[in-house]
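Written below as structure tokens is the structure these notes are about.
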Amino acid sequence: MKKGSAYTPYLFAFLSLLLLGLAGWVIWKDEVQLRPWKAYQQEYKELKGAKLQAEYDVAKKEFDSNGNAEKLEALQARLQAAEEIFQSRGVQEKYTGLVGQLDIIEASLAQNQKKLQETRGKYLEAEYLYIRGQKEQDKEVMQQLQGEIEGLTENRNVLLERKSALQEDIGELTNEFEAIRAEIRSLHKGLDEKLMAIESNDRMSLEIRQIHIRDAGKADRCITCHAGIESSYRLSDRQPLTRHPAGFIFLENHPVSEYGCTFCHQGQGRATTSPDKAHGWVDHWTEPMHQGSMTQSSCISCHGDIEGLRGAEFISKGSKLIKKYGCYGCHMIPGYEDLREVGPVLAEVGTKINYSWAVSWLQDPKTYYETARMPKFYLSKEEAESIADYLFSMTGTTRRDTLYADEDIDWDLAEKGKAIWRQSRCNICHTTNGKGGNHTEIHAPDLSKVGSKVTREWLFNWIKDPKKYFPETKMPRYRFSDQELAALVEYIVSEFQDWDFEPEYEDPVPMKAESIEKGKALVQKYGCFGCHKVKGMEEMQDIAPQLRRAGVTFARSGEMEEKIGAELSSIGSKPVELLDFGKVKDKIPHDRLSYVKQKLRAPRSFRDDLRMPDYRLGEEELGSISSVLLGFTDASRPARFVVPSYAEIEEFEGGTESHILSGDFEKLERDIKCLNCHKIGNHGYNYAPDLSVAGSKLQEEWLRRFLKQPDIIRPMLKQMPRFNLDKQDGMIQGNLESSEIETVMNFFRSDLVTDDIPAFLPDLDDGAVDQVLEGKRLYDEKGCVACHQIGNAGGSVGPNLSNVGGRLTAGFIFKYLEDPQRYNPQNVEPKYGFTERERIYLARYLMSLKLE
């Protein structure tokens, strides 16, 4: 024991050093490694301090260079002189005496007020007793107290007059230097505010900052690291020190203090020990932070309408792609269930198309044209022929092709048809040989090779009355005569041919029963009825898993909006562990986004027995659709977050979609499809001007002339199609019959009006001012000529204003100039903040622009 005791000091020293090292490690671990936010906050504080100091230095230099330093020096000299006079013995004695008298007066006022309140209380008590008992003695008490109240009130007024006089006397002694002090403060205000900002930043402590969303039971600490996220200026481009991108869109409508961060961005909002943990990029966290445009997927959780939503352009495009490709045909997706099938009716295919074309199309639609929406099912030729047999069997018993040789074409008639094609502006919706098809949301078929696809008879009947073949079609009826139809059909079948098309069945060949049955089974297997109306399969159900389960999407105040789902019902929140990666489990990252993108990119790469076809989407399309799918979650949101769709509001309020159209106009619209291009309320498309307030916007005579003969308003954009022609070749008669024009006019006058737009301009009492000239001066000053054309001068981005005074109402121009986005949120015209007077001047000038 004695021998061992010699090592005790060394052991003690070793253990002490070990303990000291361990304590140091614990402190370092706790203060540095587990609190990375301290370094971020300190760096942001230094950057902000440097920014504020630089701003102060610039302001100080400008202050001095503007001669303000000399002004300040002169004011301080005047202040010193005034204070010396004030501090003189005689002035101080007078000031002290006046202040003493004022203190006595204020004390007397306080005592008088207290006695007045007590007396009023006694008077109310006596009044109550008198009313209750009607005793004379109570009445006498009331009269006595009333006299005391009057005396106290008179005394208070006397005291207030004496107080006011004393304050004036004191002011005569202090006003001079107080005015100089106010002048100094005003002169130095800007610099003082900057100094206060610097001092405030210096006092900022390094601490965890938290936003508590009480009605969601959620806390976010993201601003602990992202200290400058709400800053009005950018201190750094590096995360987490930069500000929020496009804050004027996102933060203006979603203040961080009210919405937090993770409702939109996801992530693990309470974690602060490392960026990866805070962002949710750790195992088993079901809501990893969205990156880039994928953040927009969260918009779906709150907004009923995402198409056209500012700041949600990426998912808006994804939603349009879902409609374009008809994903809802196989998958149940709430919000899309009332949309019609994206493909044509297949009830009379045998009378419409060539058999060989059908087989080629079924094998690979993109060999027909690159932008085909129909996906590739990887059908063998035998399978494609079986499906074609089944479809053709509905109208016949043979496989056959109908071809048109050059000698079959009436070229003179085709030339007349060419004029009709151009005048009818078919290329607004239809693409031919890479041209046209500007109205992309209609998804009209490419007609570049249609002459090798369809028969003359079917094409003739289709154009004559599209609704007869397909009641839900978006194609309008153009009211052509049979002679005009024959000419147009002749032009189409002669001009738009597939010169590589090789028919196999110039002579009819009977179809086999077993092939027809096999085709029927294949149609059922691949769910063709999801995109097409197939005779005998109208009641077939969806074949694919649900992507989103219906939930409560319109929450009343105090309730929680919630979507309930399991498995693929809420694909955006399905745990990664439950996703079946199949054959690609070693080829792609194991996260939800990679899984969804691969499903869209190569659906059958997961397993050999899957039925989902290949849409051959581009990477941008993959991202847009994925962003929508990831937004289908089971996450809950506070009711105040929810912005219901127009359809939900109408349903909640007892309205219906059909209320926007009525009577004869509704019948006319169904025929010529006004809402294919125009919008009324929340219905229709934004291809052409919104008509929601057209009755208050457009002058009646101009509208009547335009309906008879549409002209060009926006030279670089689009033109309204023409719906019928004169009997003379190439002569335009107009679009509508006189009675139909009156139907349109009556609907505009009765339904498409608003009280927001005044009938007349407000009157101005400035007769000496030439309001038209003042308006022109403003027009030139704001550079309106850069976008608008008047005569031969000006740009062509906005409408031509040469005849704006003969087209629009003065009231509409007046309201439009107040807020150009009021009636069209997508309008690109700047909001200038014109005063009412300026808007009147501009409206007067624009109303003077008329074509004789």
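Starting from 1 in every chain, residues are counted up; chains themselves are A, B, ... following the order of the structure tokens, and ligands are numbered from 1 as listed.
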### Message
I'd like the contact shell of region 599-613 of chain A - 12 Å cut-off, only C-alpha atoms, skipping same-chain residues fewer than 4 positions apart - returned as a PyMOL selection string.
### Response
chain A and resi 322+325+327+329-331+362-365+373-379+522-528+543-545+579-588+592-595+617-627+629
Going by DSSP on the backbone, which residues of region 659-852 of chain A come out as alpha helix (DSSP H)? List them as a VMD selection string. chain A and resid 663 to 672 694 to 697 700 to 708 738 to 751 771 to 781 810 to 818 836 to 847
In terms of only C-alpha atoms, the residue from A:Tyr128, A:Phe263, A:Tyr328, A:Tyr687 at minimal distance from Ile300 (chain A) is A:Phe263
Who sits within 12 Å of Gly451 (chain A), only C-alpha atoms, same chain under 2 positions skipped, as a PyMOL selection string
chain A and resi 352-354+357+402-405+409+432+446-449+453-459+488-499+501
